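Undergrad: Below you'll find model-v2.cif; it's mmCIF, C-alpha atoms.
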data_model
#
loop_
_atom_site.label_atom_id
_atom_site.label_comp_id
_atom_site.auth_asym_id
_atom_site.auth_seq_id
_atom_site.Cartn_x
_atom_site.Cartn_y
_atom_site.Cartn_z
CA MET A 1 5.31 13.64 61.94
CA SER A 2 4.56 17.36 62.15
CA TYR A 3 6.59 20.43 62.99
CA LYS A 4 5.38 23.46 64.90
CA ASN A 5 7.87 26.14 63.86
CA LEU A 6 6.19 29.17 62.32
CA ILE A 7 9.19 31.49 61.84
CA TYR A 8 12.20 30.33 59.87
CA THR A 9 15.72 30.84 61.21
CA PRO A 10 18.38 30.92 58.45
CA ASN A 11 20.15 27.57 58.05
CA GLN A 12 18.09 25.99 60.81
CA LYS A 13 18.47 22.24 61.31
CA GLU A 14 14.85 21.50 62.19
CA PRO A 15 12.53 20.87 59.21
CA PHE A 16 10.37 23.86 58.34
CA ARG A 17 6.64 23.54 57.57
CA ILE A 18 5.55 24.88 54.18
CA SER A 19 1.90 24.58 53.21
CA ARG A 20 0.62 24.36 49.67
CA SER A 21 -0.72 27.90 50.01
CA LYS A 22 2.69 29.21 51.13
CA ILE A 23 4.27 27.72 48.01
CA GLU A 24 1.65 29.63 46.00
CA LEU A 25 2.51 32.78 47.97
CA PHE A 26 6.16 32.35 46.97
CA MET A 27 5.18 31.88 43.33
CA GLN A 28 3.20 35.12 43.47
CA CYS A 29 5.77 37.19 45.37
CA PRO A 30 9.02 35.99 47.01
CA ARG A 31 9.16 39.20 49.07
CA CYS A 32 5.71 38.64 50.61
CA PHE A 33 6.68 35.03 51.25
CA TRP A 34 9.94 36.06 52.97
CA LEU A 35 8.16 38.59 55.20
CA ASP A 36 5.68 35.89 56.20
CA ALA A 37 8.16 33.06 56.82
CA ARG A 38 11.06 35.04 58.29
CA GLN A 39 9.29 37.88 60.11
CA GLY A 40 5.75 36.64 60.67
CA ILE A 41 4.40 39.64 58.73
CA LYS A 42 1.43 38.34 56.79
CA ARG A 43 -0.49 39.81 53.93
CA PRO A 44 -3.84 41.40 54.93
CA SER A 45 -6.34 38.59 55.22
CA MET A 46 -9.42 38.17 53.04
CA PRO A 47 -12.88 37.61 54.53
CA PRO A 48 -13.87 33.92 54.70
CA PHE A 49 -15.77 32.56 51.71
CA ASN A 50 -18.50 30.93 53.76
CA LEU A 51 -20.76 30.05 50.82
CA ASN A 52 -17.85 28.41 49.01
CA ASN A 53 -16.96 26.52 52.17
CA ALA A 54 -20.56 25.32 52.50
CA VAL A 55 -20.49 24.00 48.93
CA ASP A 56 -17.19 22.28 49.69
CA GLN A 57 -18.61 20.51 52.73
CA LEU A 58 -21.77 19.45 50.90
CA PHE A 59 -19.74 18.10 47.98
CA LYS A 60 -17.72 16.02 50.43
CA LYS A 61 -20.85 14.60 52.06
CA GLU A 62 -22.33 13.80 48.67
CA PHE A 63 -19.25 11.97 47.37
CA ASP A 64 -18.72 10.23 50.70
CA SER A 65 -22.12 8.55 50.27
CA TYR A 66 -20.93 7.09 46.95
CA ARG A 67 -17.61 6.22 48.54
CA ARG A 68 -19.35 4.11 51.17
CA ALA A 69 -21.46 2.45 48.46
CA LYS A 70 -18.34 1.88 46.30
CA LYS A 71 -20.22 3.31 43.34
CA ALA A 72 -19.54 5.92 40.70
CA HIS A 73 -21.18 9.31 41.13
CA PRO A 74 -23.54 10.29 38.27
CA ILE A 75 -21.22 13.14 37.22
CA MET A 76 -18.46 10.55 36.66
CA ILE A 77 -20.79 8.47 34.48
CA ASP A 78 -22.07 11.50 32.55
CA ASN A 79 -18.50 12.57 31.77
CA ASN A 80 -17.21 9.06 30.92
CA ILE A 81 -14.85 9.02 33.91
CA ASP A 82 -14.23 5.37 34.78
CA ALA A 83 -13.64 5.88 38.50
CA ILE A 84 -15.17 5.74 41.96
CA PRO A 85 -14.42 7.77 45.10
CA PHE A 86 -11.25 6.45 46.80
CA GLU A 87 -11.42 4.91 50.26
CA HIS A 88 -8.43 5.16 52.61
CA GLN A 89 -8.02 5.17 56.37
CA ASP A 90 -6.17 8.50 56.19
CA LEU A 91 -8.55 10.32 53.85
CA ASP A 92 -10.11 12.44 56.61
CA LYS A 93 -6.63 13.49 57.72
CA TRP A 94 -5.61 14.32 54.15
CA ARG A 95 -8.68 16.59 53.87
CA GLU A 96 -8.08 18.38 57.19
CA ASN A 97 -6.75 21.94 57.01
CA PHE A 98 -3.30 22.46 58.54
CA VAL A 99 -2.72 18.68 58.43
CA GLY A 100 -3.33 17.25 54.97
CA ILE A 101 -1.03 14.86 53.16
CA SER A 102 2.62 15.63 53.85
CA TYR A 103 6.19 14.87 52.84
CA LEU A 104 9.58 15.86 54.25
CA GLU A 105 11.68 16.85 51.25
CA PRO A 106 15.26 15.76 52.14
CA LYS A 107 17.25 18.13 49.90
CA THR A 108 15.67 21.29 51.33
CA ASN A 109 14.55 19.97 54.73
CA LEU A 110 11.12 21.47 54.01
CA PHE A 111 8.02 19.70 55.38
CA ILE A 112 5.46 20.14 52.61
CA PHE A 113 1.75 19.61 53.27
CA GLY A 114 -1.61 20.33 51.69
CA ALA A 115 -5.27 19.40 52.26
CA VAL A 116 -7.05 17.80 49.30
CA ASP A 117 -10.77 18.11 48.62
CA ASP A 118 -11.24 14.61 47.26
CA ILE A 119 -9.50 11.65 45.66
CA TRP A 120 -10.97 9.20 43.20
CA ILE A 121 -9.50 5.95 41.89
CA ASN A 122 -9.77 5.06 38.19
CA ALA A 123 -9.87 1.77 36.28
CA LYS A 124 -6.06 1.81 35.97
CA ASN A 125 -5.84 1.78 39.78
CA GLU A 126 -4.48 5.33 39.70
CA LEU A 127 -5.50 7.97 42.21
CA VAL A 128 -7.16 11.03 40.72
CA VAL A 129 -6.84 14.35 42.54
CA VAL A 130 -10.16 16.25 42.64
CA ASP A 131 -10.60 19.87 43.67
CA TYR A 132 -13.92 21.64 44.28
CA LYS A 133 -14.46 25.20 43.06
CA ALA A 134 -17.55 27.38 43.42
CA THR A 135 -18.48 30.73 41.92
CA SER A 136 -21.38 32.71 40.47
CA LYS A 137 -20.99 34.21 37.01
CA SER A 138 -23.11 34.61 33.90
CA SER A 139 -20.60 32.90 31.60
CA GLU A 140 -19.61 29.24 31.66
CA VAL A 141 -16.88 28.33 34.12
CA ASN A 142 -13.39 27.35 32.95
CA ILE A 143 -9.79 27.34 34.18
CA ASP A 144 -8.38 29.28 31.23
CA SER A 145 -7.81 32.68 32.87
CA GLU A 146 -4.23 33.66 33.57
CA TRP A 147 -4.86 34.10 37.29
CA GLN A 148 -6.17 30.51 37.50
CA ILE A 149 -2.66 29.13 37.13
CA GLY A 150 -2.81 29.03 40.94
CA TYR A 151 -5.62 26.47 40.68
CA LYS A 152 -3.45 24.31 38.44
CA ARG A 153 -0.41 24.56 40.70
CA GLN A 154 -2.63 23.63 43.63
CA VAL A 155 -3.65 20.24 42.23
CA GLU A 156 -0.14 19.62 40.89
CA ILE A 157 1.25 19.91 44.41
CA TYR A 158 -1.34 17.37 45.62
CA VAL A 159 -0.33 14.98 42.82
CA TRP A 160 3.34 15.44 43.81
CA LEU A 161 2.60 14.83 47.51
CA LEU A 162 0.64 11.65 46.84
CA ARG A 163 3.42 10.30 44.62
CA LYS A 164 6.01 11.10 47.27
CA ASN A 165 3.91 9.01 49.65
CA GLY A 166 4.19 6.05 47.32
CA PHE A 167 0.86 6.19 45.49
CA LYS A 168 0.28 5.69 41.79
CA VAL A 169 -1.37 8.91 40.65
CA SER A 170 -2.95 9.89 37.35
CA ASP A 171 -1.48 12.80 35.42
CA LYS A 172 -5.04 14.06 35.00
CA ALA A 173 -6.56 16.00 37.88
CA ILE A 174 -10.19 17.07 37.96
CA PHE A 175 -11.91 20.30 38.94
CA LEU A 176 -15.55 20.08 39.96
CA TYR A 177 -16.50 23.68 39.23
CA THR A 178 -20.00 24.67 40.24
CA ASN A 179 -21.66 27.92 39.21
CA ALA A 180 -24.61 29.50 41.03
CA GLN A 181 -27.23 30.51 38.46
CA VAL A 182 -28.34 34.11 38.18
CA ASP A 183 -30.59 33.53 35.14
CA VAL A 184 -33.55 32.48 37.30
CA ASP A 185 -36.71 34.29 38.43
CA GLY A 186 -35.69 34.90 42.03
CA PHE A 187 -33.92 33.69 45.15
CA TYR A 188 -36.76 32.20 47.28
CA ASP A 189 -34.16 30.87 49.74
CA VAL A 190 -32.76 28.56 47.06
CA LEU A 191 -29.56 28.75 45.02
CA LYS A 192 -29.42 26.62 41.90
CA PHE A 193 -26.07 25.49 40.54
CA ARG A 194 -24.64 24.07 37.35
CA THR A 195 -21.61 21.85 37.95
CA LYS A 196 -18.97 21.26 35.30
CA LEU A 197 -16.24 18.62 35.40
CA ILE A 198 -12.96 19.98 34.00
CA GLU A 199 -9.89 17.81 33.46
CA HIS A 200 -6.37 19.22 33.81
CA ASN A 201 -3.20 17.55 32.54
CA THR A 202 -0.83 18.15 35.43
CA ASP A 203 2.88 18.91 35.25
CA THR A 204 4.80 18.54 38.52
CA SER A 205 8.27 19.13 37.03
CA TRP A 206 8.43 22.71 38.37
CA ILE A 207 7.99 21.77 42.02
CA ASP A 208 11.47 20.47 42.93
CA LYS A 209 13.11 23.51 41.33
CA GLU A 210 10.85 25.93 43.16
CA LEU A 211 11.41 24.18 46.50
CA GLY A 212 15.12 24.83 45.97
CA ASN A 213 14.34 28.48 45.24
CA ILE A 214 12.17 28.67 48.36
CA LYS A 215 15.04 27.31 50.47
CA LYS A 216 17.43 29.92 49.03
CA CYS A 217 14.86 32.63 49.72
CA LEU A 218 14.45 31.50 53.32
CA ASP A 219 18.20 31.55 53.95
CA GLY A 220 18.81 34.86 52.16
CA ASP A 221 18.09 38.54 52.64
CA ILE A 222 14.71 40.11 51.89
CA PRO A 223 13.99 39.89 48.13
CA ARG A 224 13.32 42.93 46.01
CA VAL A 225 9.72 43.85 45.22
CA GLY A 226 8.26 40.91 43.35
CA LYS A 227 5.70 40.36 40.66
CA SER A 228 2.37 38.61 40.79
CA ALA A 229 1.52 35.41 38.91
CA MET A 230 0.21 37.61 36.08
CA GLY A 231 3.51 39.46 35.71
CA ASN A 232 2.43 42.68 37.40
CA VAL A 233 4.22 44.24 40.35
CA CYS A 234 2.84 42.66 43.53
CA GLU A 235 -0.07 44.88 44.59
CA PHE A 236 0.68 44.29 48.28
CA CYS A 237 4.31 45.39 47.85
CA GLU A 238 3.26 48.36 45.75
CA TYR A 239 0.78 49.46 48.43
CA ALA A 240 3.38 49.07 51.19
CA LYS A 241 5.93 51.07 49.18
CA LYS A 242 3.58 53.97 48.41
CA ARG A 243 2.26 54.09 51.97
CA THR A 244 5.79 54.13 53.38
CA GLU A 245 6.84 56.90 50.98
CA LEU A 246 3.82 58.99 51.92
CA THR A 247 4.35 58.39 55.64
CA LEU A 248 8.01 59.41 55.44
CA LYS A 249 7.06 62.51 53.48
CA TYR A 250 4.68 63.71 56.18
CA LEU A 251 6.98 62.73 59.03
CA SER A 252 10.02 64.51 57.62
CA PRO A 253 10.89 67.89 59.13
CA LYS A 254 9.35 70.89 57.39
CA SER A 255 11.97 72.96 55.61
#
Please render this file's structure as structure tokens.
TA:
Amino acid sequence: MSYKNLIYTPNQKEPFRISRSKIELFMQCPRCFWLDARQGIKRPSMPPFNLNNAVDQLFKKEFDSYRRAKKAHPIMIDNNIDAIPFEHQDLDKWRENFVGISYLEPKTNLFIFGAVDDIWINAKNELVVVDYKATSKSSEVNIDSEWQIGYKRQVEIYVWLLRKNGFKVSDKAIFLYTNAQVDVDGFYDVLKFRTKLIEHNTDTSWIDKELGNIKKCLDGDIPRVGKSAMGNVCEFCEYAKKRTELTLKYLSPKS
């Protein structure tokens, strides 16, 4: 079942759709989230990451070939991961943007959904959430930076959604993080990558609490200027504040 409402009406009876990315928006700034959900005022959009999307699609094709063969991918073997790509009739739906795997949370009446990149199944018959990441940097990739907490919350929501749908899911999620090399002689219409498998011990205990906070935010008045995931004042709110102050200054009558 899906729901089409895009703007939330306080105390509405119909379930309200909340994507994984909107939960992350709330975690970064409740005010930006409120403006989006209650007023339809969205943050300025970023340009599409077409190269990253291309890597994502190629990863999916690559792992789908091993899925059909019911065999482990070499990167699983090289990293001692006793698993194979998971087959399920709904996998394509779970990977589709704006559809994904979903769950209607009864306490908040929020319809939570998110699109996974991939799912493996290990020797314990547990599902393993896998997320693809792509970048280009001179140093080795990791998920240790403070801003990458969003990556961790992302896979934790997928783990939570799969469990709510009745699946046995491993606490360990996996990032396949590929890095385009710049220490080569030239481009020559070829990008070379190094791919690293990074395990993350997930913790989903925060999700139910934050869904309750999201519900309170939706039913309440506009929050005060929020802070980002790194503890700084939200840069979008700070920009809006300074622009408004400057606009009012120049629109005010000259004394």
Undergrad: Nearest to Ser102 (chain A) among A:Lys242, A:Lys196, A:Lys209, A:Arg163, with distances taken over only C-alpha atoms: which residue is it?
TA: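 Going through A:Lys242, A:Lys196, A:Lys209, A:Arg163 one by one, the smallest distance to Ser102 (chain A) is for A:Arg163.
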Undergrad: Which residues would end up in the selection if the PyMOL selection byres ((chain A and resi 44-61) around 8) were applied here, given that I need the answer as a list in words?
TA: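 Applying the expression gives Lys42, Arg43, Glu62, Phe63, Asp64, Ser65, Asp117, Asp118, Tyr132, Lys133, Ala134 and Thr135 of chain A.
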Undergrad: Selection in question (the file shown): the PyMOL selection byres ((chain A and resi 97-101) around 12). Which residues does it include, as a ChimeraX atom specification?
TA: /A:1-4,17-22,90-96,102-104,111-119,157-167
Undergrad: Compare A:Ile174, A:Tyr250, A:Val225, A:Leu218 by their minimum atom-to-atom distance to Glu238 (chain A), counting all atoms listed in the file, and give me the closest one.
TA: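 Looking at the shortest contact to Glu238 (chain A), the residue is A:Val225.
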Undergrad: Mind giving me the straight-line distance from CA of Ile207 (chain A) to CA of Pro85 (chain A) in Å, one decimal?
TA: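 Straight-line distance from CA of Ile207 (chain A) to CA of Pro85 (chain A) works out to 26.6 Å.
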Undergrad: Nearest residue to Pro106 (chain A) out of A:Arg194, A:Lys13, A:Lys249, A:Lys241, using all atoms listed in the file?
TA: A:Lys13
Undergrad: Quick one: what's the axis-aligned box for region 13-26 of chain A, all listed atoms, 5 Å on every side, centre and edges in Å to one decimal, as JSON?
TA:
{"center_x": 8.9, "center_y": 26.8, "center_z": 54.1, "size_x": 29.2, "size_y": 21.9, "size_z": 26.2}
Undergrad: So what does the PyMOL selection byres ((chain A and resi 191) around 10) actually pick up in this one, as a list in words?
TA: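 Checking the PyMOL selection byres ((chain A and resi 191) around 10) against this file, the residues are Asn179, Ala180, Gln181, Val182, Val184, Gly186, Phe187, Tyr188, Asp189, Val190, Lys192 and Phe193 of chain A.
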Undergrad: If I take CA of His200 (chain A) and CA of Gln89 (chain A), how far is one from the other in Å, to one decimal?
TA: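 Between these atoms lies a distance of 26.6 Å.
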Undergrad: Calculated over all atoms listed in the file, which of the candidates A:Leu211, A:Ile41, A:Leu110, A:Ala69 has the smallest distance to Pro15 (chain A)?
TA: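 Of A:Leu211, A:Ile41, A:Leu110, A:Ala69, the one nearest Pro15 (chain A), counting all atoms listed in the file, is A:Leu110.
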Undergrad: Could you tell me which of A:His88, A:Arg38, A:Lys124, A:Lys71 comes closest to Lys215 (chain A) if we count only C-alpha atoms?
TA: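 Selected residue with least distance to Lys215 (chain A): A:Arg38.
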Undergrad: Given all atoms listed in the file as the basis, pick out the residue of A:Gln39, A:Leu248, A:Leu197, A:Val130 nearest to Ile77 (chain A).
TA: A:Leu197
Undergrad: By how many Å are CA of Cys32 (chain A) and CA of Ile143 (chain A) apart?
TA: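 Going from CA of Cys32 (chain A) over to CA of Ile143 (chain A), I get 25.3 Å.
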Undergrad: Regenerate region 118-138 of chain A at the level of N, CA and C atoms and dump it as a compact mmCIF listing (two decimals), in the coordinates of the input.
TA:
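Wrote it out as part-v6.txt, contents follow:
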# COMPACT_ATOMS: atom_id res chain seq x y z
N ASP A 118 -10.80 15.98 47.47
CA ASP A 118 -11.24 14.61 47.26
C ASP A 118 -10.22 13.86 46.42
N ILE A 119 -10.33 12.54 46.47
CA ILE A 119 -9.50 11.65 45.66
C ILE A 119 -10.39 10.55 45.12
N TRP A 120 -10.29 10.32 43.82
CA TRP A 120 -10.97 9.20 43.20
C TRP A 120 -9.94 8.16 42.79
N ILE A 121 -10.39 6.97 42.41
CA ILE A 121 -9.50 5.95 41.89
C ILE A 121 -10.09 5.44 40.57
N ASN A 122 -9.26 5.42 39.51
CA ASN A 122 -9.77 5.06 38.19
C ASN A 122 -9.56 3.58 37.88
N ALA A 123 -9.94 3.18 36.67
CA ALA A 123 -9.87 1.77 36.28
C ALA A 123 -8.44 1.27 36.17
N LYS A 124 -7.48 2.19 36.03
CA LYS A 124 -6.06 1.81 35.97
C LYS A 124 -5.45 1.70 37.36
N ASN A 125 -6.29 1.81 38.38
CA ASN A 125 -5.84 1.78 39.78
C ASN A 125 -4.95 2.97 40.11
N GLU A 126 -5.19 4.08 39.43
CA GLU A 126 -4.48 5.33 39.70
C GLU A 126 -5.36 6.24 40.54
N LEU A 127 -4.75 6.96 41.47
CA LEU A 127 -5.50 7.97 42.21
C LEU A 127 -5.69 9.20 41.33
N VAL A 128 -6.84 9.83 41.48
CA VAL A 128 -7.16 11.03 40.72
C VAL A 128 -7.45 12.16 41.71
N VAL A 129 -6.64 13.20 41.66
CA VAL A 129 -6.84 14.35 42.54
C VAL A 129 -8.04 15.17 42.05
N VAL A 130 -8.94 15.49 42.97
CA VAL A 130 -10.16 16.25 42.64
C VAL A 130 -10.21 17.49 43.53
N ASP A 131 -10.49 18.63 42.90
CA ASP A 131 -10.60 19.87 43.67
C ASP A 131 -11.93 20.53 43.37
N TYR A 132 -12.62 20.98 44.42
CA TYR A 132 -13.92 21.64 44.28
C TYR A 132 -13.72 23.15 44.15
N LYS A 133 -14.45 23.75 43.22
CA LYS A 133 -14.46 25.20 43.06
C LYS A 133 -15.91 25.66 42.94
N ALA A 134 -16.20 26.84 43.49
CA ALA A 134 -17.55 27.38 43.42
C ALA A 134 -17.48 28.87 43.09
N THR A 135 -18.43 29.32 42.29
CA THR A 135 -18.48 30.73 41.92
C THR A 135 -19.91 31.07 41.52
N SER A 136 -20.12 32.31 41.08
CA SER A 136 -21.38 32.71 40.47
C SER A 136 -21.06 33.73 39.39
N LYS A 137 -21.28 33.34 38.15
CA LYS A 137 -20.99 34.21 37.01
C LYS A 137 -21.94 33.87 35.88
N SER A 138 -22.16 34.82 34.99
CA SER A 138 -23.11 34.61 33.90
C SER A 138 -22.55 33.72 32.80
